[in-house]
$ cat data04.pdb   # PDB, C-alpha atoms and all ligand atoms
ATOM      1  CA  MET E   9     -31.455  75.570   0.103  1.00  0.00           C
ATOM      2  CA  THR E  10     -30.913  77.981  -2.795  1.00  0.00           C
ATOM      3  CA  GLU E  11     -29.726  81.562  -2.405  1.00  0.00           C
ATOM      4  CA  LYS E  12     -33.279  82.609  -3.241  1.00  0.00           C
ATOM      5  CA  ASP E  13     -34.499  81.150   0.088  1.00  0.00           C
ATOM      6  CA  LEU E  14     -31.816  82.761   2.211  1.00  0.00           C
ATOM      7  CA  LYS E  15     -32.084  85.848   4.410  1.00  0.00           C
ATOM      8  CA  ILE E  16     -29.835  87.854   6.705  1.00  0.00           C
ATOM      9  CA  SER E  17     -30.724  90.524   9.260  1.00  0.00           C
ATOM     10  CA  ILE E  18     -28.404  93.490   9.813  1.00  0.00           C
ATOM     11  CA  ALA E  19     -28.488  95.950  12.728  1.00  0.00           C
ATOM     12  CA  HIS E  20     -27.035  99.348  11.801  1.00  0.00           C
ATOM     13  CA  LEU E  21     -26.015 100.816  15.156  1.00  0.00           C
ATOM     14  CA  TYR E  22     -26.538 104.572  15.615  1.00  0.00           C
ATOM     15  CA  PRO E  23     -26.333 105.612  11.931  1.00  0.00           C
ATOM     16  CA  LYS E  24     -27.477 109.171  12.740  1.00  0.00           C
ATOM     17  CA  LEU E  25     -24.426 109.687  14.935  1.00  0.00           C
ATOM     18  CA  LEU E  26     -21.715 107.355  13.634  1.00  0.00           C
ATOM     19  CA  ASN E  27     -21.626 107.599   9.835  1.00  0.00           C
ATOM     20  CA  LEU E  28     -18.475 109.547   9.125  1.00  0.00           C
ATOM     21  CA  TYR E  29     -17.300 109.669   5.474  1.00  0.00           C
ATOM     22  CA  GLY E  30     -20.354 107.744   4.295  1.00  0.00           C
ATOM     23  CA  ASP E  31     -19.655 104.601   6.261  1.00  0.00           C
ATOM     24  CA  MET E  32     -23.252 103.589   5.565  1.00  0.00           C
ATOM     25  CA  GLY E  33     -21.929 102.684   2.109  1.00  0.00           C
ATOM     26  CA  ASN E  34     -20.960  99.432   3.817  1.00  0.00           C
ATOM     27  CA  ILE E  35     -24.641  98.715   4.533  1.00  0.00           C
ATOM     28  CA  ILE E  36     -25.527  99.524   0.903  1.00  0.00           C
ATOM     29  CA  THR E  37     -22.813  97.136  -0.328  1.00  0.00           C
ATOM     30  CA  LEU E  38     -23.887  94.268   1.940  1.00  0.00           C
ATOM     31  CA  THR E  39     -27.524  94.819   0.927  1.00  0.00           C
ATOM     32  CA  LYS E  40     -26.818  94.948  -2.827  1.00  0.00           C
ATOM     33  CA  ARG E  41     -24.471  91.949  -2.795  1.00  0.00           C
ATOM     34  CA  CYS E  42     -27.207  89.925  -1.105  1.00  0.00           C
ATOM     35  CA  GLN E  43     -30.024  91.191  -3.344  1.00  0.00           C
ATOM     36  CA  TRP E  44     -28.000  90.524  -6.524  1.00  0.00           C
ATOM     37  CA  ARG E  45     -27.992  86.899  -5.410  1.00  0.00           C
ATOM     38  CA  GLY E  46     -31.652  86.835  -4.414  1.00  0.00           C
ATOM     39  CA  ILE E  47     -30.826  86.772  -0.703  1.00  0.00           C
ATOM     40  CA  SER E  48     -33.289  88.911   1.248  1.00  0.00           C
ATOM     41  CA  VAL E  49     -31.935  91.449   3.728  1.00  0.00           C
ATOM     42  CA  GLU E  50     -33.605  93.044   6.726  1.00  0.00           C
ATOM     43  CA  ILE E  51     -31.949  96.286   7.895  1.00  0.00           C
ATOM     44  CA  ASP E  52     -32.733  97.553  11.396  1.00  0.00           C
ATOM     45  CA  ASN E  53     -31.533 101.101  12.094  1.00  0.00           C
ATOM     46  CA  ILE E  54     -30.863 101.365  15.835  1.00  0.00           C
ATOM     47  CA  GLY E  55     -31.098 104.819  17.435  1.00  0.00           C
ATOM     48  CA  LEU E  56     -30.458 106.087  20.955  1.00  0.00           C
ATOM     49  CA  GLY E  57     -33.013 104.558  23.311  1.00  0.00           C
ATOM     50  CA  ASP E  58     -33.894 101.678  20.969  1.00  0.00           C
ATOM     51  CA  ASP E  59     -33.736  98.088  22.137  1.00  0.00           C
ATOM     52  CA  ILE E  60     -31.503  95.785  20.094  1.00  0.00           C
ATOM     53  CA  LYS E  61     -32.917  92.389  19.109  1.00  0.00           C
ATOM     54  CA  GLU E  62     -31.016  89.429  17.656  1.00  0.00           C
ATOM     55  CA  HIS E  63     -29.424  89.958  14.243  1.00  0.00           C
ATOM     56  CA  ASP E  64     -26.942  88.084  12.080  1.00  0.00           C
ATOM     57  CA  LEU E  65     -24.675  91.078  11.501  1.00  0.00           C
ATOM     58  CA  TYR E  66     -24.081  94.294  13.469  1.00  0.00           C
ATOM     59  CA  PHE E  67     -22.496  97.372  11.845  1.00  0.00           C
ATOM     60  CA  ILE E  68     -21.270 100.588  13.473  1.00  0.00           C
ATOM     61  CA  GLY E  69     -19.556 103.437  11.633  1.00  0.00           C
ATOM     62  CA  GLY E  70     -17.064 106.090  12.609  1.00  0.00           C
ATOM     63  CA  GLY E  71     -17.502 109.486  14.187  1.00  0.00           C
ATOM     64  CA  GLN E  72     -15.916 112.453  15.879  1.00  0.00           C
ATOM     65  CA  ASP E  73     -15.154 112.227  19.595  1.00  0.00           C
ATOM     66  CA  LYS E  74     -18.388 114.085  20.409  1.00  0.00           C
ATOM     67  CA  GLN E  75     -20.601 111.555  18.623  1.00  0.00           C
ATOM     68  CA  GLN E  76     -18.666 108.710  20.212  1.00  0.00           C
ATOM     69  CA  GLN E  77     -19.365 110.251  23.630  1.00  0.00           C
ATOM     70  CA  GLU E  78     -23.094 110.366  22.768  1.00  0.00           C
ATOM     71  CA  VAL E  79     -23.142 106.697  21.795  1.00  0.00           C
ATOM     72  CA  ALA E  80     -20.686 105.069  24.224  1.00  0.00           C
ATOM     73  CA  GLU E  81     -22.848 104.894  27.372  1.00  0.00           C
ATOM     74  CA  GLU E  82     -25.901 103.624  25.456  1.00  0.00           C
ATOM     75  CA  LEU E  83     -23.829 101.033  23.598  1.00  0.00           C
ATOM     76  CA  PHE E  84     -22.348  99.917  26.930  1.00  0.00           C
ATOM     77  CA  SER E  85     -25.872  99.278  28.232  1.00  0.00           C
ATOM     78  CA  HIS E  86     -26.177  96.565  25.538  1.00  0.00           C
ATOM     79  CA  LYS E  87     -22.786  95.007  26.350  1.00  0.00           C
ATOM     80  CA  ASP E  88     -23.996  91.697  27.814  1.00  0.00           C
ATOM     81  CA  PHE E  89     -26.432  91.088  24.953  1.00  0.00           C
ATOM     82  CA  LEU E  90     -23.806  91.896  22.323  1.00  0.00           C
ATOM     83  CA  HIS E  91     -21.311  89.567  24.025  1.00  0.00           C
ATOM     84  CA  SER E  92     -23.870  86.750  23.868  1.00  0.00           C
ATOM     85  CA  GLU E  93     -24.421  87.531  20.179  1.00  0.00           C
ATOM     86  CA  ARG E  94     -20.669  87.475  19.549  1.00  0.00           C
ATOM     87  CA  ASP E  95     -20.403  84.101  21.250  1.00  0.00           C
ATOM     88  CA  LYS E  96     -23.230  82.740  19.050  1.00  0.00           C
ATOM     89  CA  GLY E  97     -21.129  83.645  16.001  1.00  0.00           C
ATOM     90  CA  ALA E  98     -22.803  86.912  15.007  1.00  0.00           C
ATOM     91  CA  VAL E  99     -20.730  89.115  12.711  1.00  0.00           C
ATOM     92  CA  PHE E 100     -19.653  92.585  13.814  1.00  0.00           C
ATOM     93  CA  LEU E 101     -18.018  95.260  11.665  1.00  0.00           C
ATOM     94  CA  GLY E 102     -16.856  98.470  13.340  1.00  0.00           C
ATOM     95  CA  ILE E 103     -15.225 101.320  11.446  1.00  0.00           C
ATOM     96  CA  CYS E 104     -12.809 103.712  13.196  1.00  0.00           C
ATOM     97  CA  GLY E 105     -14.791 105.327  16.044  1.00  0.00           C
ATOM     98  CA  GLY E 106     -17.119 102.315  16.107  1.00  0.00           C
ATOM     99  CA  TYR E 107     -14.065 100.015  16.097  1.00  0.00           C
ATOM    100  CA  GLN E 108     -12.595 101.919  19.030  1.00  0.00           C
ATOM    101  CA  LEU E 109     -15.793 101.290  21.040  1.00  0.00           C
ATOM    102  CA  PHE E 110     -15.463  97.525  20.380  1.00  0.00           C
ATOM    103  CA  GLY E 111     -12.453  97.566  22.724  1.00  0.00           C
ATOM    104  CA  HIS E 112     -12.204  98.131  26.482  1.00  0.00           C
ATOM    105  CA  TYR E 113     -12.014 101.911  26.285  1.00  0.00           C
ATOM    106  CA  TYR E 114     -11.279 104.969  24.152  1.00  0.00           C
ATOM    107  CA  GLN E 115      -9.408 107.824  25.854  1.00  0.00           C
ATOM    108  CA  PRO E 116     -10.017 110.989  23.766  1.00  0.00           C
ATOM    109  CA  PHE E 117      -7.326 113.656  23.730  1.00  0.00           C
ATOM    110  CA  GLU E 118      -9.560 115.774  25.943  1.00  0.00           C
ATOM    111  CA  GLY E 119     -12.340 114.687  28.269  1.00  0.00           C
ATOM    112  CA  ASP E 120     -13.222 111.510  30.114  1.00  0.00           C
ATOM    113  CA  LYS E 121     -12.331 107.976  29.068  1.00  0.00           C
ATOM    114  CA  LEU E 122     -15.176 106.304  27.118  1.00  0.00           C
ATOM    115  CA  LYS E 123     -16.063 102.775  28.178  1.00  0.00           C
ATOM    116  CA  GLY E 124     -16.026 100.300  25.306  1.00  0.00           C
ATOM    117  CA  ILE E 125     -18.003  97.050  25.128  1.00  0.00           C
ATOM    118  CA  SER E 126     -14.937  94.758  25.197  1.00  0.00           C
ATOM    119  CA  LEU E 127     -16.062  92.637  22.246  1.00  0.00           C
ATOM    120  CA  MET E 128     -12.328  92.315  21.613  1.00  0.00           C
ATOM    121  CA  ASP E 129      -9.198  92.768  23.722  1.00  0.00           C
ATOM    122  CA  ALA E 130      -8.103  96.199  22.551  1.00  0.00           C
ATOM    123  CA  TYR E 131      -7.870  99.742  23.849  1.00  0.00           C
ATOM    124  CA  THR E 132      -7.393 103.151  22.224  1.00  0.00           C
ATOM    125  CA  VAL E 133      -5.691 106.335  23.373  1.00  0.00           C
ATOM    126  CA  ALA E 134      -5.876 109.523  21.291  1.00  0.00           C
ATOM    127  CA  GLY E 135      -2.485 110.881  20.260  1.00  0.00           C
ATOM    128  CA  LYS E 136      -1.449 114.402  19.250  1.00  0.00           C
ATOM    129  CA  LYS E 137      -1.127 113.539  15.551  1.00  0.00           C
ATOM    130  CA  ARG E 138      -4.069 112.913  13.188  1.00  0.00           C
ATOM    131  CA  PHE E 139      -3.446 110.208  10.628  1.00  0.00           C
ATOM    132  CA  ILE E 140      -5.081 111.009   7.303  1.00  0.00           C
ATOM    133  CA  GLY E 141      -4.532 109.244   4.000  1.00  0.00           C
ATOM    134  CA  ASN E 142      -5.010 106.163   1.854  1.00  0.00           C
ATOM    135  CA  VAL E 143      -4.357 102.778   3.400  1.00  0.00           C
ATOM    136  CA  THR E 144      -3.483  99.393   1.953  1.00  0.00           C
ATOM    137  CA  ILE E 145      -3.191  96.385   4.233  1.00  0.00           C
ATOM    138  CA  GLU E 146      -2.235  92.771   3.516  1.00  0.00           C
ATOM    139  CA  THR E 147      -4.289  90.086   5.233  1.00  0.00           C
ATOM    140  CA  ASP E 148      -3.646  86.353   5.598  1.00  0.00           C
ATOM    141  CA  PHE E 149      -7.286  85.321   5.227  1.00  0.00           C
ATOM    142  CA  LEU E 150      -8.609  87.053   2.093  1.00  0.00           C
ATOM    143  CA  ASN E 151      -8.103  86.461  -1.644  1.00  0.00           C
ATOM    144  CA  PRO E 152      -6.889  88.869  -2.914  1.00  0.00           C
ATOM    145  CA  LYS E 153      -4.936  89.462   0.283  1.00  0.00           C
ATOM    146  CA  THR E 154      -5.290  93.249   0.216  1.00  0.00           C
ATOM    147  CA  LEU E 155      -7.849  95.615   1.702  1.00  0.00           C
ATOM    148  CA  VAL E 156      -7.887  99.291   0.687  1.00  0.00           C
ATOM    149  CA  GLY E 157      -9.496 102.394   2.184  1.00  0.00           C
ATOM    150  CA  PHE E 158      -8.554 105.636   3.867  1.00  0.00           C
ATOM    151  CA  GLU E 159      -7.934 106.656   7.441  1.00  0.00           C
ATOM    152  CA  ASN E 160      -8.646 109.777   9.459  1.00  0.00           C
ATOM    153  CA  HIS E 161      -8.052 109.235  13.164  1.00  0.00           C
ATOM    154  CA  SER E 162      -5.920 110.387  16.077  1.00  0.00           C
ATOM    155  CA  GLY E 163      -6.685 107.302  18.111  1.00  0.00           C
ATOM    156  CA  LEU E 164      -3.877 104.806  18.683  1.00  0.00           C
ATOM    157  CA  THR E 165      -5.268 101.286  19.085  1.00  0.00           C
ATOM    158  CA  TYR E 166      -3.408  98.446  20.789  1.00  0.00           C
ATOM    159  CA  LEU E 167      -4.459  94.779  20.636  1.00  0.00           C
ATOM    160  CA  GLU E 168      -4.066  92.182  23.394  1.00  0.00           C
ATOM    161  CA  ASN E 169      -4.327  88.398  23.922  1.00  0.00           C
ATOM    162  CA  ASP E 170      -6.341  86.545  21.253  1.00  0.00           C
ATOM    163  CA  THR E 171      -7.372  89.665  19.350  1.00  0.00           C
ATOM    164  CA  LYS E 172      -5.341  89.626  16.136  1.00  0.00           C
ATOM    165  CA  PRO E 173      -4.817  92.372  13.537  1.00  0.00           C
ATOM    166  CA  LEU E 174      -6.708  92.316  10.239  1.00  0.00           C
ATOM    167  CA  GLY E 175      -3.435  92.673   8.397  1.00  0.00           C
ATOM    168  CA  LYS E 176      -0.033  94.226   7.907  1.00  0.00           C
ATOM    169  CA  THR E 177      -0.010  97.919   6.991  1.00  0.00           C
ATOM    170  CA  VAL E 178       1.520  98.278   3.510  1.00  0.00           C
ATOM    171  CA  VAL E 179       0.557 101.933   3.013  1.00  0.00           C
ATOM    172  CA  GLY E 180      -0.715 104.227   5.781  1.00  0.00           C
ATOM    173  CA  ASN E 181      -0.476 104.212   9.581  1.00  0.00           C
ATOM    174  CA  GLY E 182      -2.950 101.596  10.742  1.00  0.00           C
ATOM    175  CA  ASN E 183      -3.750 100.936  14.391  1.00  0.00           C
ATOM    176  CA  ASN E 184      -1.023 103.035  15.981  1.00  0.00           C
ATOM    177  CA  SER E 185       1.600 103.859  13.306  1.00  0.00           C
ATOM    178  CA  SER E 186       4.200 101.885  15.261  1.00  0.00           C
ATOM    179  CA  ASP E 187       3.446  98.139  15.325  1.00  0.00           C
ATOM    180  CA  GLY E 188       2.909  97.818  11.555  1.00  0.00           C
ATOM    181  CA  PHE E 189      -0.605  96.405  11.769  1.00  0.00           C
ATOM    182  CA  GLU E 190      -4.141  97.582  11.022  1.00  0.00           C
ATOM    183  CA  GLY E 191      -7.547  96.602  12.293  1.00  0.00           C
ATOM    184  CA  ALA E 192      -8.520  93.700  14.497  1.00  0.00           C
ATOM    185  CA  ARG E 193     -10.392  90.411  14.512  1.00  0.00           C
ATOM    186  CA  TYR E 194     -11.659  88.280  17.374  1.00  0.00           C
ATOM    187  CA  LYS E 195     -14.114  85.462  16.548  1.00  0.00           C
ATOM    188  CA  ASN E 196     -16.419  87.124  13.955  1.00  0.00           C
ATOM    189  CA  VAL E 197     -15.821  90.622  15.304  1.00  0.00           C
ATOM    190  CA  PHE E 198     -13.947  92.818  12.814  1.00  0.00           C
ATOM    191  CA  GLY E 199     -12.703  96.344  13.409  1.00  0.00           C
ATOM    192  CA  THR E 200     -10.777  98.618  11.087  1.00  0.00           C
ATOM    193  CA  TYR E 201      -9.764 102.230  10.540  1.00  0.00           C
ATOM    194  CA  LEU E 202     -10.589 101.901   6.829  1.00  0.00           C
ATOM    195  CA  HIS E 203     -13.223 104.355   5.729  1.00  0.00           C
ATOM    196  CA  GLY E 204     -14.012 104.705   2.049  1.00  0.00           C
ATOM    197  CA  SER E 205     -16.531 103.353   2.574  1.00  0.00           C
ATOM    198  CA  LEU E 206     -14.652 100.116   3.009  1.00  0.00           C
ATOM    199  CA  LEU E 207     -16.717  97.387   1.346  1.00  0.00           C
ATOM    200  CA  PRO E 208     -17.498  98.746  -2.169  1.00  0.00           C
ATOM    201  CA  LYS E 209     -13.804  98.466  -3.138  1.00  0.00           C
ATOM    202  CA  ASN E 210     -13.320  95.263  -1.130  1.00  0.00           C
ATOM    203  CA  PRO E 211     -16.040  92.870  -2.419  1.00  0.00           C
ATOM    204  CA  HIS E 212     -14.114  89.790  -1.231  1.00  0.00           C
ATOM    205  CA  PHE E 213     -14.349  91.043   2.365  1.00  0.00           C
ATOM    206  CA  ALA E 214     -18.045  91.955   1.938  1.00  0.00           C
ATOM    207  CA  ASP E 215     -18.786  88.407   0.729  1.00  0.00           C
ATOM    208  CA  LEU E 216     -16.869  86.878   3.641  1.00  0.00           C
ATOM    209  CA  LEU E 217     -19.006  88.874   6.095  1.00  0.00           C
ATOM    210  CA  ILE E 218     -22.203  87.752   4.323  1.00  0.00           C
ATOM    211  CA  GLU E 219     -21.100  84.090   4.380  1.00  0.00           C
ATOM    212  CA  LEU E 220     -20.277  84.313   8.101  1.00  0.00           C
ATOM    213  CA  ALA E 221     -23.663  85.958   8.802  1.00  0.00           C
ATOM    214  CA  LEU E 222     -25.452  83.182   6.857  1.00  0.00           C
ATOM    215  CA  GLU E 223     -23.482  80.542   8.810  1.00  0.00           C
ATOM    216  CA  LYS E 224     -24.561  82.145  12.084  1.00  0.00           C
ATOM    217  CA  ARG E 225     -28.220  82.144  10.946  1.00  0.00           C
ATOM    218  CA  TYR E 226     -28.419  78.692   9.349  1.00  0.00           C
ATOM    219  CA  GLY E 227     -25.754  76.800  11.316  1.00  0.00           C
ATOM    220  CA  GLU E 228     -23.903  75.635   8.188  1.00  0.00           C
ATOM    221  CA  LYS E 229     -21.243  77.024   5.826  1.00  0.00           C
ATOM    222  CA  ILE E 230     -22.872  78.531   2.723  1.00  0.00           C
ATOM    223  CA  LYS E 231     -20.586  79.450  -0.196  1.00  0.00           C
ATOM    224  CA  LEU E 232     -21.907  82.392  -2.174  1.00  0.00           C
ATOM    225  CA  GLU E 233     -22.010  82.240  -5.979  1.00  0.00           C
ATOM    226  CA  LYS E 234     -19.420  84.530  -7.540  1.00  0.00           C
ATOM    227  CA  LEU E 235     -20.522  87.902  -8.938  1.00  0.00           C
ATOM    228  CA  ASN E 236     -18.913  89.814 -11.791  1.00  0.00           C
ATOM    229  CA  ASP E 237     -16.715  92.119  -9.692  1.00  0.00           C
ATOM    230  CA  GLU E 238     -14.570  93.475 -12.514  1.00  0.00           C
ATOM    231  CA  PHE E 239     -15.630  97.066 -11.748  1.00  0.00           C
ATOM    232  CA  GLU E 240     -15.082  96.660  -8.002  1.00  0.00           C
ATOM    233  CA  TYR E 241     -11.625  95.126  -8.424  1.00  0.00           C
ATOM    234  CA  ASN E 242     -10.615  97.796 -10.928  1.00  0.00           C
ATOM    235  CA  ALA E 243     -11.416 100.332  -8.201  1.00  0.00           C
ATOM    236  CA  HIS E 244      -9.504  98.204  -5.671  1.00  0.00           C
ATOM    237  CA  LYS E 245      -6.424  97.895  -7.885  1.00  0.00           C
ATOM    238  CA  SER E 246      -6.499 101.598  -8.763  1.00  0.00           C
ATOM    239  CA  VAL E 247      -5.599 102.504  -5.159  1.00  0.00           C
ATOM    240  CA  THR E 248      -3.696  99.423  -3.935  1.00  0.00           C
ATOM    241  CA  GLY E 249      -0.265 100.430  -2.700  1.00  0.00           C
ATOM    242  CA  LYS E 250      -0.824 104.117  -3.377  1.00  0.00           C
ATOM    243  CA  ALA E 251      -0.603 106.798  -0.703  1.00  0.00           C
ATOM    244  CA  TYR E 252      -2.305 109.400  -2.924  1.00  0.00           C
TER
HETATM  245  N1  LIG E 301     -12.736 110.249  16.999  1.00  0.00           N
HETATM  246  C1  LIG E 301     -11.900 109.082  16.710  1.00  0.00           C
HETATM  247  C2  LIG E 301     -10.445 109.488  16.365  1.00  0.00           C
HETATM  248  O1  LIG E 301     -10.215 110.618  16.007  1.00  0.00           O
HETATM  249  C3  LIG E 301     -12.491 108.302  15.540  1.00  0.00           C
HETATM  250  C4  LIG E 301     -12.508 109.099  14.237  1.00  0.00           C
HETATM  251  C5  LIG E 301     -13.265 108.405  13.121  1.00  0.00           C
HETATM  252  O2  LIG E 301     -14.222 107.666  13.368  1.00  0.00           O
HETATM  253  N2  LIG E 301     -12.841 108.693  11.848  1.00  0.00           N
HETATM  254  O3  LIG E 301      -9.549 108.648  16.443  1.00  0.00           O
END
$ encode --input "data04.pdb" --output "structure tokens"
Amino acid sequence: MTEKDLKISIAHLYPKLLNLYGDMGNIITLTKRCQWRGISVEIDNIGLGDDIKEHDLYFIGGGQDKQQQEVAEELFSHKDFLHSERDKGAVFLGICGGYQLFGHYYQPFEGDKLKGISLMDAYTVAGKKRFIGNVTIETDFLNPKTLVGFENHSGLTYLENDTKPLGKTVVGNGNNSSDGFEGARYKNVFGTYLHGSLLPKNPHFADLLIELALEKRYGEKIKLEKLNDEFEYNAHKSVTGKAY
């Protein structure tokens, strides 16, 4: 099977509500990196009230507490389906507010606790301080090891059991500014506080997500051909390790 015959389907969950700091740039990156290889991409924008059918990859962006409150109950109504998708190997990427809803709950600084969908063993409690700034983390599963982005959150996220962090925080605060880690991974579910948007400056992570989505769809590992990412990695290196 050549890359020209391949396809992936992506569900963009609640883009009208959770798209803080242009997180939909992650969808653009995934789409372009597939199209540059001749892989066709189907994007399904999911709004409030929409049903969610089977996809290879699910993306949800970040948002203010208010938008998270608008989405949380509806997202929870799809919990069982999304768990079955996770267990079939579907890929999930949640950014900040979307990441927080992947856990068991998000307790905003004011107001009621928001139920999460428990795709991963994590929970989030809003603190008094807002963490804003560039972030560099070091992973043990990517090459290069680093991921770069920026954070703007007051939520403090704690991981439990088999849910592991994405990486060690080199610059920035990460999950809770105390345990030294950022983001989370359980099976093919990935969550992170890294806005930016994340994937344009982290093409190695974008390609990993595409390969995992293709594996879920076709039932076999498919290694993507390399692209000329000189421009992307120059952007990556220009911020790696820098707070400002
Ligand atoms: N409202 C959440 C917080 O402040 C998430 C913010 C975001 O998505 N950037 O922690």
$ closest_residue --input "data04.pdb" --among "E:Lys195, E:His112, E:Lys250, E:Arg225" --to "Asn142 in chain E" --atoms "only C-alpha atoms"
E:Lys250
$ residues_near_ligand --input "data04.pdb" --ligand "ligand LIG 301 (chain E)" --cutoff "8 Å" --atoms "only C-alpha atoms and all ligand atoms" --output "list in words"
Leu26, Leu28, Tyr29, Gly69, Gly70, Gly71, Gln72, Asp73, Lys74, Gln76, Ile103, Cys104, Gly105, Gly106, Gln108, Pro116, Ala134, Arg138, Glu159, Asn160, His161, Ser162, Gly163, Leu164, Tyr201 and His203 of chain E
$ resolve_selection --input "data04.pdb" --expression "the PyMOL selection byres (((chain E and resi 154) around 12) and not hetatm)" --output "ChimeraX atom specification"
/E:143-153,155-157,174-179,190,206,209-213,241,244-245,247-249
$ resolve_selection --input "data04.pdb" --expression "the PyMOL selection byres (((chain E and resi 231) around 12) and not hetatm)" --output "MDAnalysis selection string"
chainID E and resid 9:11 14 45 215:223 228:230 232:234
$ resolve_selection --input "data04.pdb" --expression "the PyMOL selection byres (((chain E and resi 23) around 10) and not hetatm)" --output "ChimeraX atom specification"
/E:19-22,24-28,30-32,53-56,67-71
$ residues_around --input "data04.pdb" --residues "Asp64 in chain E" --least-positions-apart "5" --cutoff "7 Å" --atoms "only C-alpha atoms" --output "ChimeraX atom specification"
/E:16-18,98-99,221,224-225
$ closest_residue --input "data04.pdb" --among "E:Leu38, E:Leu65, E:Leu167, E:Leu101" --to "Thr132 in chain E" --atoms "all atoms listed in the file"
E:Leu167
$ atom_distance --input "data04.pdb" --atom1 "CA of Glu168 in chain E" --atom2 "CA of Ser126 in chain E"
11.3 Å
$ atom_distance --input "data04.pdb" --atom1 "CA of Lys15 in chain E" --atom2 "CA of Ile47 in chain E"
5.3 Å
$ closest_residue --input "data04.pdb" --among "E:Leu127, E:Leu122, E:Val197, E:Ile51" --to "His86 in chain E" --atoms "all atoms listed in the file"
E:Leu127
$ atom_distance --input "data04.pdb" --atom1 "CA of Asn169 in chain E" --atom2 "CA of Lys121 in chain E"
21.8 Å
$ closest_residue --input "data04.pdb" --among "E:Tyr107, E:Phe158, E:Tyr252, E:Gly119" --to "Ala192 in chain E" --atoms "all atoms listed in the file"
E:Tyr107
$ decode --input "data04.pdb" --residues "range 206-231 of chain E" --atoms "C-alpha atoms" --output "PDB file, in the first residue's frame"
ATOM      1  CA  LEU E 206       1.830  22.711  19.342  1.00  0.00           C
ATOM      2  CA  LEU E 207       2.390  20.667  16.182  1.00  0.00           C
ATOM      3  CA  PRO E 208       3.796  23.175  13.623  1.00  0.00           C
ATOM      4  CA  LYS E 209       7.027  23.492  15.653  1.00  0.00           C
ATOM      5  CA  ASN E 210       6.999  19.810  16.636  1.00  0.00           C
ATOM      6  CA  PRO E 211       6.763  17.902  13.306  1.00  0.00           C
ATOM      7  CA  HIS E 212       8.220  14.721  14.846  1.00  0.00           C
ATOM      8  CA  PHE E 213       5.268  14.547  17.256  1.00  0.00           C
ATOM      9  CA  ALA E 214       2.774  15.329  14.456  1.00  0.00           C
ATOM     10  CA  ASP E 215       4.179  12.438  12.390  1.00  0.00           C
ATOM     11  CA  LEU E 216       3.997  10.063  15.359  1.00  0.00           C
ATOM     12  CA  LEU E 217       0.294  10.884  15.790  1.00  0.00           C
ATOM     13  CA  ILE E 218      -0.335  10.304  12.063  1.00  0.00           C
ATOM     14  CA  GLU E 219       1.504   6.950  12.146  1.00  0.00           C
ATOM     15  CA  LEU E 220      -0.499   5.838  15.199  1.00  0.00           C
ATOM     16  CA  ALA E 221      -3.764   6.904  13.508  1.00  0.00           C
ATOM     17  CA  LEU E 222      -2.815   4.937  10.358  1.00  0.00           C
ATOM     18  CA  GLU E 223      -1.975   1.886  12.516  1.00  0.00           C
ATOM     19  CA  LYS E 224      -5.391   2.105  14.171  1.00  0.00           C
ATOM     20  CA  ARG E 225      -7.101   2.304  10.748  1.00  0.00           C
ATOM     21  CA  TYR E 226      -5.101  -0.324   8.850  1.00  0.00           C
ATOM     22  CA  GLY E 227      -4.033  -2.644  11.684  1.00  0.00           C
ATOM     23  CA  GLU E 228      -0.328  -2.463  10.780  1.00  0.00           C
ATOM     24  CA  LYS E 229       2.621  -0.147  11.500  1.00  0.00           C
ATOM     25  CA  ILE E 230       3.132   2.296   8.615  1.00  0.00           C
ATOM     26  CA  LYS E 231       6.347   4.359   8.602  1.00  0.00           C
TER      27      LYS E 231
END
